[in-house]
Each structure stands twice: as C-alpha cells, then as structure tokens.
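Engineer: Once you've had a glance at the structure underneath, I'll fire off some questions.
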Amino acid sequence: MIVVGGGLAGLAAAYTLARHGLEVLVLERGDYAGAKSLTGGRMYINPIRDLFPELWPKAPFERPIVREGVMIMAAESSLSLNYTGAELASEPFQSYSVLRAKFDRWFAREAERQGASIVTKTRVDDVIIQDGQVCGVRAGGEELRADVVIACDGVLSLIAKKAGLREPGGPKDYAVGVKEVIELDAGLIEERFGLEESEGAACLFMGAVTKGIFGGGFLYTNKNSLSLGIVVGIEDLMSSESATSVPALLEDFKQRAEIARLIKGGTTVEYGAHVIPEGGLASLTGLYGSGILVAGDAAGFSLNIGITVRGMEYAMASGYYAAKTVLKAREKNDYSAQMLSSYQVMLNESFVMKDFHSFKNAPSALNNPRLYAHYPELINDIMADLYEVPAGPKERLYPTVKKHLNWREMLAMAGDMRKVMKL
Amino acid sequence: MNDTLGLKAKLGLNVFKPNEHRHIAIKPGMEKDPRLKRTVLVCPAGLYTVAPDNTVELTVDGCLECGTCLIACGIDVLDWDYPPGGTGVQYRFG
C-alpha cells in the first residue's frame, strides 16, 4: 500500500494499516512529516476518540481549550462573548490547540512503531494507471507499485486530479488562511487569557478583521506561543473593492488595540499560509476509484459552520476509514472501484458524511456579505448607544435599539435569518 | 518589533530549503491576465507584483506552497507544481 502525504489523513491511514500488519509506505515531500502541514490550530477529539484510543494519552497537544471566545469587530469598536463551562474545563477535554510540525512528526513515529515505512523528501509526481486501475506512483524518477494508493496529498488534490477523479476547483470553493506563531511566556498567556496553568483559550473574530470579506480571524493559545491568523474566501477577496492584500489584512488585525495588547512582548517565530476547502458537501466528489482512495483535505473534508471550523478530525477519520476499506478489500484481493466503494459507505455511516449532510447549506448561509460587514457594525452601533450616558437626558432603551432596526432592516434580517436557520 | 515586521522579514523567519527549480511559472502570453492581477492581492507571501508595463511578475523565493495562486488563476494561467522533495518551506511549528 502506498500513502501519498504524511499529514493527518495519510498518517492515520498508515498507522491503521500497519497496526493490522499490512506493509505500507508513506511518501512525504517535506523533510519530515509535518514540515508542510499547517493548521489554524485546534483539534476536536470526541468524534475520533474511539478510532485511536491508545494514542490520545501520549499525544503532544499544546493546551486543552477551556474558554471559547467570539469577538465581533466594527471599524473602531468590538463586542466580545466568552464562554466557559465545567464540561470544557474537565477531562476528557473536547478540544486541544495543536502545532502540526510537532504533532505530525510524533504521529509519524507512532505509525513507524506499528511498522509503517515513512520516506521523506520525496514528492510524488504522478500515478501509474494500467487498464483503468491505479497501480502505483512515480516519485523521484522511480516507479513504485502498490495494490492501492491512498491520496492524502492535501487540499490541492493533485494526485486525485492525475487519477482523473477530481476536476480543478474554483476560487469560490476555497479560502486561504495565514497565520503567525507568536512566542510568548506561558505565565503571560495564562494571565492575559484568564487561564489556570496549562489551560488554553480559543477566540474567533468576525467583521472588520476581514474588512467585510467572507472569513474571520482566529487566535489559539499554545504552550509557549499564540497562533494568530485570518481566513478569507479566495473568490471574495479577488472580487472585493477594497484592494487589501492578505498579508496586509493580517498586519491590520495585529495592530487592532484588542489584539495588540494580547500579543504585546511576543516574538513572531513563523509565518505560514494554507488553503482550506470551503465547498462543503457539494465539493466532495471522487472519493475513490479503481486502486485509489482519497482522504483528508485532498477529498475536501473541511467544514466551516461559522462557530466552528473543522478539518483535522475529518482528516484522521477519513484516513482511518480508507485503511479499513483497504483491509476489507484485501480479504477478497479485489481493489476495484466497486470494492473500494465501501469507503463511501463507511464514511456515510460515520460522523464525517453525517456532518457534511447536516451542514450542506453552510457554505451558502455563510456566504453572505452582510454577516461580515453590516451586522458587526450594526451590533456595535447599538452597544455604543446603549452604553452611552450623554450630557443631557438619556433616551429610553427600547427606542434606542429600535431606531437601528427600521422596517427595511427588519425585512433584510428576516431574509438572512431564513438562510441562517438552514444551519 | 512585532508590529513593524515587514512581509519579507516575516518570511525570513521561516526555514526554507533552496532549490534551483522554479516550481510555479506564468504561462507565456498570460502575463496580463486579469486573474493574475488579483493574485497580487491574494498571495500570502506577496510574490506577485505588477510591473510598470502592466504585466504580472512572479518570484518563487519565499513561496509557502499554499496553492492560493493556483486556485485563483487555474491551470490556464499557471504551470504549478510543488517544489522537489526535501526543498521549499519546512514548517517548524505549523
């Protein structure tokens, strides 16, 4: 078996196959597994806890997330919501911040310990197709043969395209994320975010952070650093009137007073970028073919539902189910598309496809410019008026709010609400 | 200082392993394509620039291999591949 790509999907597949005694080779183009991996920063464990039960106790996570925040930013003001709860603050923790170079390298060692071979510094250039069946790959001028190729080569999905399973995607189905890792003393992190020792916080930002473009900002606390970044829709960014570049958006975000005080004294140690699939269910095509399975970002397994943005659990789960599919196919020594279609069945029965079906309307509901420009300004204007104590008499509260919500506004809100209700 | 860090300096924080190969190239005749002009804004590493003669130029040093330009422009405009194995950006944190 050949796995293309030593990210979470590929390593989950390799780990699972090797654990069942199969010979598996992972081809990774980076210097080490994780060298080309980038996340915003948080992994949710519950959906995949039972798939790798023995792994979690020793996994090199950064901090468990015990505090969830949302900040709605207007041009010169912001409204914050923070959620804490006993269920977040106690074991088993629901989610952890994570740095992928560290996590993936560890996961690769665990896969090797199970017997998987991981070859780094090797880019896969093509797939070998014979009689309509994928039967190996070309890498570094060599032909490597395998019963099945599991394509876990990331969001651009070049291998699946070479195998004829997927068409090139357009700008509307993808977002780009940029992130800085900012080193900061652990004690300062805990003080600034109101955390106990080793606890972590997450915060999402919407509104002025993207200058009204589809997307948002994020901040995760790691052990000794912060992951701070923004994500913006590529199509929206290309068609936006405001000629702001992606790097400038991140710089402006960092200079906001709300952010500047959180990162003060920190040192940026890395700047990364990564494309994120945002097409949802509609863009999940070509998950399998004769002799090939596609998992992780390469298959489009990333889901933005506004309040959570998830990909890593889907990557690990799809890698796991790809391995299970191969194990089943091996019993019959049949690697045809028909046999490998049980991958689709397993995914359908798992949380993976169930989530994608539940949130199939998320891309269209969230692709509403009013969510990123109009509402953040509106809510902050209302808050400003509510908190204002003027020189003269203060207006009653209800009329204060009401004047922002005329019939035209209410009508537009009802329209937007109908879309949001599909979430 | 963090907030005055220019993009070049920011990219300079990363570990890059050099290679001779230009893994992304603008296809001949496509240098003025409108999609390329928008790519100037979307490339996280700021590698696309508009020259005085209105053509778009590309340098691949500092490429983060994210693929945003490929998504933005498509294969009609760009020849795009990952850099050879063991070269390019090597994230230490990710």
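We label chains A, B, ... in the order they appear in the structure tokens, count residues from 1 in each chain, and number ligands from 1 in the order shown.
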Sort by chain and increasing residue number a table of all residues of chain B within 6 Å of chain A, each with its closest pair of atoms and their distance in Å to one decimal, counting only C-alpha atoms, and write it as CSV.

Structural biologist:
```
residue,atom,partner,partner_atom,distance
B:Leu13,CA,A:Glu270,CA,5.5
B:Asn14,CA,A:Glu270,CA,5.4
B:Arg38,CA,A:Met238,CA,5.4
B:Leu41,CA,A:Ser245,CA,4.1
B:Val42,CA,A:Val246,CA,5.5
B:Pro44,CA,A:Pro247,CA,5.6
B:Cys66,CA,A:His274,CA,4.7
B:Ile71,CA,A:Pro171,CA,5.5
B:Ala72,CA,A:Pro171,CA,5.4
B:Pro84,CA,A:Arg123,CA,6.0
B:Gly85,CA,A:Lys121,CA,4.1
B:Gly86,CA,A:Lys121,CA,3.8
B:Gln90,CA,A:Ala35,CA,4.6
B:Tyr91,CA,A:Ala35,CA,4.7
B:Arg92,CA,A:Ala101,CA,5.5
B:Phe93,CA,A:Ala101,CA,5.0
B:Gly94,CA,A:Leu38,CA,4.3
```

Engineer: Considering only C-alpha atoms, return as a PyMOL selection string whatever protein or nucleic-acid residues lie within 7 Å of region 377-393 of chain A, sequence-local ones (same chain, fewer than 6 positions apart) excluded.

Structural biologist: chain A and resi 74+77-79+400-401

Engineer: Those same residues, written as a PDB file, in the first residue's frame with C-alpha atoms?

Structural biologist:
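And here is the file that came out, again.pdb:
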```
ATOM      1  CA  ALA A  74     -16.531  47.012  13.829  1.00  0.00           C
ATOM      2  CA  SER A  77     -15.208  49.046  18.359  1.00  0.00           C
ATOM      3  CA  SER A  78     -15.831  45.428  19.219  1.00  0.00           C
ATOM      4  CA  LEU A  79     -18.208  43.222  21.154  1.00  0.00           C
ATOM      5  CA  THR A 400     -32.522  53.395  21.406  1.00  0.00           C
ATOM      6  CA  VAL A 401     -32.383  49.915  19.907  1.00  0.00           C
TER       7      VAL A 401
END
```

Engineer: Residues within 12 Å of Glu196 (chain A), please, as a PyMOL selection string. Count only C-alpha atoms; anything in the same chain fewer than 2 positions from it doesn't count.

Structural biologist: chain A and resi 63-67+89+186-194+198-201

Engineer: Can you tell me how far CA of Phe214 (chain A) sits from CA of Phe359 (chain A), in Å to one decimal?

Structural biologist: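 One can read the CA of Phe214 (chain A) to CA of Phe359 (chain A) distance as 17.4 Å.
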
Engineer: Could you pull out the alpha helix (DSSP H) residues of chain B, going by DSSP on the backbone, and write them as a VMD selection string?

Structural biologist: chain B and resid 7 to 11 34 to 42 68 to 73

Engineer: Residues of region 47-293 of chain A classed as strand (DSSP E) by DSSP on the backbone are to be reported as a VMD selection string.

Structural biologist: chain A and resid 65 to 73 78 to 84 95 to 97 117 to 119 124 to 130 133 to 139 142 to 145 149 to 151 174 to 183 200 to 207 215 to 221 225 to 233 267 to 277 288 to 289 292 to 293

Engineer: Mind checking which residues fall within 12 Å of region 19-21 of chain B, counting only C-alpha atoms, ignoring those fewer than 2 positions away in the same chain, and posting them as a tab-separated table (two decimals) with C-alpha atoms, in the first residue's frame?

Structural biologist:
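Here's the written file part.tsv:
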```tsv
chain	number	residue	atom	x	y	z
B	16	PHE	CA	13.33	27.45	3.53
B	17	LYS	CA	15.47	24.90	1.76
B	23	HIS	CA	8.06	25.32	-9.34
B	24	ILE	CA	5.49	27.92	-10.42
B	25	ALA	CA	5.61	29.80	-13.71
B	59	THR	CA	9.30	35.35	-7.88
B	60	VAL	CA	9.12	32.00	-6.10
B	61	ASP	CA	11.57	32.72	-3.27
B	62	GLY	CA	9.59	32.63	-0.04
B	63	CYS	CA	6.75	30.61	-1.54
B	80	TRP	CA	2.17	24.83	-10.94
B	81	ASP	CA	3.86	22.03	-9.07
B	82	TYR	CA	5.17	21.56	-5.58
B	83	PRO	CA	8.91	22.10	-5.27
B	84	PRO	CA	11.00	18.90	-5.38
B	85	GLY	CA	11.00	16.71	-2.27
B	86	GLY	CA	13.09	17.98	0.62
B	87	THR	CA	13.08	21.59	-0.61
B	88	GLY	CA	10.93	24.65	-0.04
B	89	VAL	CA	9.33	25.74	3.22
```

Engineer: Quick one: residues within 9 Å of Ser341 (chain A), only C-alpha atoms counted, chain neighbours fewer than 5 positions away excluded, as a PDB file with N, CA and C atoms, in the first residue's frame?

Structural biologist:
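Wrote it out as around-v3.pdb, contents follow:
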```
ATOM      1  N   LEU A 287     -14.215  10.286  -4.325  1.00  0.00           N
ATOM      2  CA  LEU A 287     -13.511   9.832  -3.123  1.00  0.00           C
ATOM      3  C   LEU A 287     -12.762   8.511  -3.348  1.00  0.00           C
ATOM      4  N   TYR A 288     -13.130   7.811  -4.413  1.00  0.00           N
ATOM      5  CA  TYR A 288     -12.473   6.524  -4.675  1.00  0.00           C
ATOM      6  C   TYR A 288     -12.535   6.196  -6.162  1.00  0.00           C
ATOM      7  N   GLY A 289     -11.632   5.329  -6.580  1.00  0.00           N
ATOM      8  CA  GLY A 289     -11.624   4.810  -7.940  1.00  0.00           C
ATOM      9  C   GLY A 289     -10.916   3.476  -7.911  1.00  0.00           C
ATOM     10  N   THR A 325     -11.161   0.278   4.652  1.00  0.00           N
ATOM     11  CA  THR A 325     -11.616  -0.153   3.324  1.00  0.00           C
ATOM     12  C   THR A 325     -10.576  -1.051   2.668  1.00  0.00           C
ATOM     13  N   SER A 336     -10.937  -3.138  -6.957  1.00  0.00           N
ATOM     14  CA  SER A 336     -11.700  -2.418  -7.973  1.00  0.00           C
ATOM     15  C   SER A 336     -12.459  -1.261  -7.331  1.00  0.00           C
ATOM     16  N   MET A 346     -18.754   3.475   4.489  1.00  0.00           N
ATOM     17  CA  MET A 346     -18.256   3.682   5.864  1.00  0.00           C
ATOM     18  C   MET A 346     -18.312   5.151   6.244  1.00  0.00           C
TER      19      MET A 346
END
```

Engineer: Tell me which protein, DNA and RNA residues are within 12 Å of Asn333 (chain A), counting only C-alpha atoms, leaving out same-chain ones fewer than 6 positions away, and put them as a list in words.

Structural biologist: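 Contacts, with the query itself left out: Asp147, Val148, Gly291, Thr325, Val326, Leu327, Met339 and Leu340 of chain A.
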
Engineer: Please produce a file of those selected residues containing C-alpha atoms, as a CSV table (one decimal), in the first residue's frame.

Structural biologist:
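And here's out.csv as it stands now:
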```csv
chain,number,residue,atom,x,y,z
A,147,ASP,CA,-2.4,-2.6,-4.7
A,148,VAL,CA,-3.9,0.7,-3.5
A,291,GLY,CA,-6.9,1.2,-6.9
A,325,THR,CA,-11.6,-0.2,3.3
A,326,VAL,CA,-8.2,-1.4,2.2
A,327,LEU,CA,-8.3,-4.1,4.9
A,339,MET,CA,-15.0,-2.9,-3.9
A,340,LEU,CA,-13.4,0.3,-2.7
```

Engineer: For Leu7 (chain B), please output as a PyMOL selection string all residues within 8 Å (counting only C-alpha atoms; exclusion window: fewer than 4 positions along the same chain).

Structural biologist: (chain A and resi 247) or (chain B and resi 11+45-46)

Engineer: Can those selected residues be exported to a file as a JSON list (two decimals), in the first residue's frame so that it contains N, CA and C atoms?

Structural biologist:
```json
[["chain", "number", "residue", "atom", "x", "y", "z"],
["A", 247, "PRO", "N", -1.59, 39.60, 3.27],
["A", 247, "PRO", "CA", -0.64, 39.96, 4.33],
["A", 247, "PRO", "C", -1.02, 41.24, 5.06],
["B", 11, "LEU", "N", 8.77, 36.44, 6.31],
["B", 11, "LEU", "CA", 9.11, 35.22, 5.57],
["B", 11, "LEU", "C", 10.51, 34.74, 5.95],
["B", 45, "ALA", "N", 2.40, 35.42, 0.44],
["B", 45, "ALA", "CA", 3.81, 35.76, 0.53],
["B", 45, "ALA", "C", 4.14, 36.97, -0.34],
["B", 46, "GLY", "N", 3.14, 37.55, -0.99],
["B", 46, "GLY", "CA", 3.35, 38.75, -1.80],
["B", 46, "GLY", "C", 4.34, 38.53, -2.94]]
```
